[in-house]
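File shown: coords_4.cif. Contents: mmCIF, C-alpha atoms, pLDDT in the B column; chains and numbers go by the auth columns.
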data_data
loop_
_atom_site.group_PDB
_atom_site.id
_atom_site.type_symbol
_atom_site.label_atom_id
_atom_site.label_comp_id
_atom_site.label_asym_id
_atom_site.label_seq_id
_atom_site.Cartn_x
_atom_site.Cartn_y
_atom_site.Cartn_z
_atom_site.B_iso_or_equiv
_atom_site.auth_seq_id
_atom_site.auth_asym_id
ATOM 1 C CA MET A 1 15.406 -11.410 15.108 51.00 1 M
ATOM 2 C CA HIS A 2 14.200 -8.120 13.632 56.00 2 M
ATOM 3 C CA ARG A 3 14.608 -7.347 9.990 67.00 3 M
ATOM 4 C CA PHE A 4 14.891 -3.720 8.985 68.00 4 M
ATOM 5 C CA LEU A 5 14.211 -2.354 5.541 73.00 5 M
ATOM 6 C CA LEU A 6 15.247 1.066 4.395 82.00 6 M
ATOM 7 C CA LEU A 7 12.244 2.350 2.492 83.00 7 M
ATOM 8 C CA ASP A 8 11.352 5.754 1.204 88.00 8 M
ATOM 9 C CA ASP A 9 8.051 7.175 0.067 90.00 9 M
ATOM 10 C CA THR A 10 8.690 6.212 -3.567 91.00 10 M
ATOM 11 C CA ASP A 11 9.241 2.565 -2.611 92.00 11 M
ATOM 12 C CA VAL A 12 5.929 2.453 -0.780 91.00 12 M
ATOM 13 C CA GLN A 13 4.050 4.284 -3.540 94.00 13 M
ATOM 14 C CA GLN A 14 5.408 1.849 -6.131 95.00 14 M
ATOM 15 C CA ALA A 15 4.481 -1.126 -3.938 94.00 15 M
ATOM 16 C CA PHE A 16 0.889 0.100 -3.620 94.00 16 M
ATOM 17 C CA ALA A 17 0.703 0.725 -7.374 96.00 17 M
ATOM 18 C CA ALA A 18 2.088 -2.734 -8.199 96.00 18 M
ATOM 19 C CA HIS A 19 -0.268 -4.438 -5.726 96.00 19 M
ATOM 20 C CA LEU A 20 -3.366 -2.759 -7.106 96.00 20 M
ATOM 21 C CA ARG A 21 -2.293 -3.259 -10.720 97.00 21 M
ATOM 22 C CA ARG A 22 -1.772 -6.972 -10.021 97.00 22 M
ATOM 23 C CA LEU A 23 -5.255 -7.176 -8.476 97.00 23 M
ATOM 24 C CA ARG A 24 -6.775 -5.302 -11.426 97.00 24 M
ATOM 25 C CA GLU A 25 -5.144 -7.688 -13.879 98.00 25 M
ATOM 26 C CA GLN A 26 -6.183 -10.760 -11.841 97.00 26 M
ATOM 27 C CA ALA A 27 -9.774 -9.483 -11.912 97.00 27 M
ATOM 28 C CA LYS A 28 -9.382 -9.065 -15.692 98.00 28 M
ATOM 29 C CA LEU A 29 -10.399 -5.414 -15.450 98.00 29 M
ATOM 30 C CA SER A 30 -9.252 -2.799 -17.908 98.00 30 M
ATOM 31 C CA ARG A 31 -8.324 0.607 -16.581 98.00 31 M
ATOM 32 C CA ALA A 32 -11.587 1.907 -18.061 98.00 32 M
ATOM 33 C CA SER A 33 -13.601 -0.763 -16.222 98.00 33 M
ATOM 34 C CA LEU A 34 -11.831 0.002 -12.958 98.00 34 M
ATOM 35 C CA ALA A 35 -12.425 3.707 -13.533 98.00 35 M
ATOM 36 C CA GLN A 36 -16.138 3.075 -13.874 98.00 36 M
ATOM 37 C CA ARG A 37 -16.180 0.870 -10.772 97.00 37 M
ATOM 38 C CA SER A 38 -14.085 3.194 -8.585 97.00 38 M
ATOM 39 C CA SER A 39 -14.921 6.681 -9.944 97.00 39 M
ATOM 40 C CA VAL A 40 -11.175 7.314 -10.405 98.00 40 M
ATOM 41 C CA PRO A 41 -10.518 8.485 -13.993 98.00 41 M
ATOM 42 C CA ALA A 42 -8.695 5.978 -16.238 98.00 42 M
ATOM 43 C CA PRO A 43 -5.831 8.437 -16.990 98.00 43 M
ATOM 44 C CA THR A 44 -5.292 8.813 -13.230 98.00 44 M
ATOM 45 C CA ILE A 45 -5.170 5.019 -12.842 98.00 45 M
ATOM 46 C CA LYS A 46 -2.604 4.799 -15.663 98.00 46 M
ATOM 47 C CA LYS A 47 -0.462 7.521 -14.066 97.00 47 M
ATOM 48 C CA PHE A 48 -0.708 5.766 -10.697 97.00 48 M
ATOM 49 C CA GLU A 49 0.323 2.406 -12.123 97.00 49 M
ATOM 50 C CA LEU A 50 3.313 3.969 -13.883 96.00 50 M
ATOM 51 C CA THR A 51 4.513 6.445 -11.242 94.00 51 M
ATOM 52 C CA GLY A 52 2.828 5.599 -7.937 94.00 52 M
ATOM 53 C CA GLN A 53 1.459 9.160 -7.800 96.00 53 M
ATOM 54 C CA ILE A 54 -2.172 9.497 -6.687 97.00 54 M
ATOM 55 C CA SER A 55 -4.224 11.329 -4.102 97.00 55 M
ATOM 56 C CA PHE A 56 -4.926 9.501 -0.878 96.00 56 M
ATOM 57 C CA ARG A 57 -8.692 9.639 -1.511 97.00 57 M
ATOM 58 C CA GLN A 58 -8.250 8.081 -4.953 98.00 58 M
ATOM 59 C CA LEU A 59 -5.931 5.416 -3.540 97.00 59 M
ATOM 60 C CA LEU A 60 -8.654 4.464 -1.068 97.00 60 M
ATOM 61 C CA LEU A 61 -11.279 4.341 -3.829 97.00 61 M
ATOM 62 C CA LEU A 62 -9.089 2.015 -5.900 97.00 62 M
ATOM 63 C CA TRP A 63 -8.213 -0.127 -2.897 96.00 63 M
ATOM 64 C CA GLN A 64 -11.886 -0.446 -1.980 96.00 64 M
ATOM 65 C CA SER A 65 -12.687 -1.529 -5.534 97.00 65 M
ATOM 66 C CA LEU A 66 -9.942 -4.167 -5.699 97.00 66 M
ATOM 67 C CA ASP A 67 -9.152 -5.296 -2.153 94.00 67 M
ATOM 68 C CA ASP A 68 -10.618 -5.331 1.334 93.00 68 M
ATOM 69 C CA LEU A 69 -10.408 -1.827 2.770 93.00 69 M
ATOM 70 C CA ALA A 70 -10.508 -3.360 6.258 93.00 70 M
ATOM 71 C CA ARG A 71 -7.062 -4.879 5.618 90.00 71 M
ATOM 72 C CA LEU A 72 -5.623 -1.441 4.981 89.00 72 M
ATOM 73 C CA TYR A 73 -7.463 0.018 7.973 90.00 73 M
ATOM 74 C CA ALA A 74 -6.060 -2.724 10.204 87.00 74 M
ATOM 75 C CA LEU A 75 -2.565 -1.308 9.672 83.00 75 M
ATOM 76 C CA THR A 76 -3.621 1.765 11.622 85.00 76 M
ATOM 77 C CA GLN A 77 -4.612 -0.228 14.678 82.00 77 M
ATOM 78 C CA HIS A 78 -2.141 -0.713 17.510 68.00 78 M
ATOM 79 C CA ASP A 79 -2.643 -4.486 17.433 59.00 79 M
ATOM 80 C CA ALA A 80 -1.463 -4.623 13.820 45.00 80 M
ATOM 81 C CA PHE A 81 2.136 -5.248 14.890 52.00 81 M
ATOM 82 C CA ASN A 82 2.950 -7.995 17.363 56.00 82 M
ATOM 83 C CA GLU A 83 6.570 -7.001 17.770 63.00 83 M
ATOM 84 C CA LYS A 84 7.683 -3.950 19.677 68.00 84 M
ATOM 85 C CA ILE A 85 9.469 -1.511 17.403 70.00 85 M
ATOM 86 C CA PRO A 86 12.742 -0.323 18.942 71.00 86 M
ATOM 87 C CA SER A 87 12.601 3.268 20.116 76.00 87 M
ATOM 88 C CA SER A 88 16.328 3.828 20.481 80.00 88 M
ATOM 89 C CA ILE A 89 19.646 2.668 19.107 81.00 89 M
ATOM 90 C CA ASP A 90 20.332 1.041 22.487 83.00 90 M
ATOM 91 C CA GLU A 91 17.297 -1.225 22.055 77.00 91 M
ATOM 92 C CA VAL A 92 18.459 -2.176 18.566 75.00 92 M
ATOM 93 C CA LEU A 93 21.960 -3.013 19.790 80.00 93 M
ATOM 94 C CA LYS A 94 20.605 -4.916 22.798 77.00 94 M
ATOM 95 C CA ASP A 95 18.671 -7.200 20.424 64.00 95 M
ATOM 96 C CA GLY A 96 21.879 -8.028 18.570 59.00 96 M
ATOM 97 C CA LEU A 97 20.996 -6.437 15.288 52.00 97 M
#

Using the file provided, produce a representation of the structure as structure tokens.
Amino acid sequence: MHRFLLLDDTDVQQAFAAHLRRLREQAKLSRASLAQRSSVPAPTIKKFELTGQISFRQLLLLWQSLDDLARLYALTQHDAFNEKIPSSIDEVLKDGL
């Protein structure tokens, strides 16, 4: 059975911010320490953690400093999803959703 979530860009931005903040805190890094490690300014990290707003390049720099960048890259590969995503409402209805 497929499970659909209605997400918008803000939901995803907040999820990325929360994930990276959690990793920063688990690594016991201050924003200043992460800024030094990632080359992303500490005020930018604070803004990101509070609002989810950040440039894509800076997001990648933070991700690389706190997580495995290969995991994020894997999402872009066609094999990343085992299930076929429905391409029409007929396919959704056929699956009984």

(Q) For Leu66 (chain M), find every residue with an atom within 10 Å (counting all atoms listed in the file), except residues of its own chain fewer than 3 positions away, and show them as a VMD selection string. (A) chain M and resid 19 to 24 26 to 27 29 34 37 to 38 60 to 63 69

Q) Suppose you want the space between CA of Lys28 (chain M) and CA of Leu75 (chain M); what is it in Å? A) 27.4 Å

**Q.** Selection under test: the PyMOL selection byres ((chain M and resi 45) around 12); residues as a PyMOL selection string
**A.** chain M and resi 17-18+20-21+24+29-44+46-55+58-59+61-63

Q: Would you work out the distance separating CA of Leu5 (chain M) from CA of Ile85 (chain M), expressed in Å to one decimal?
A: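 Going from CA of Leu5 (chain M) over to CA of Ile85 (chain M), I get 12.8 Å.
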
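For the pair CA of Asp67 (chain M) and CA of Ala15 (chain M), the separation is 14.4 Å.
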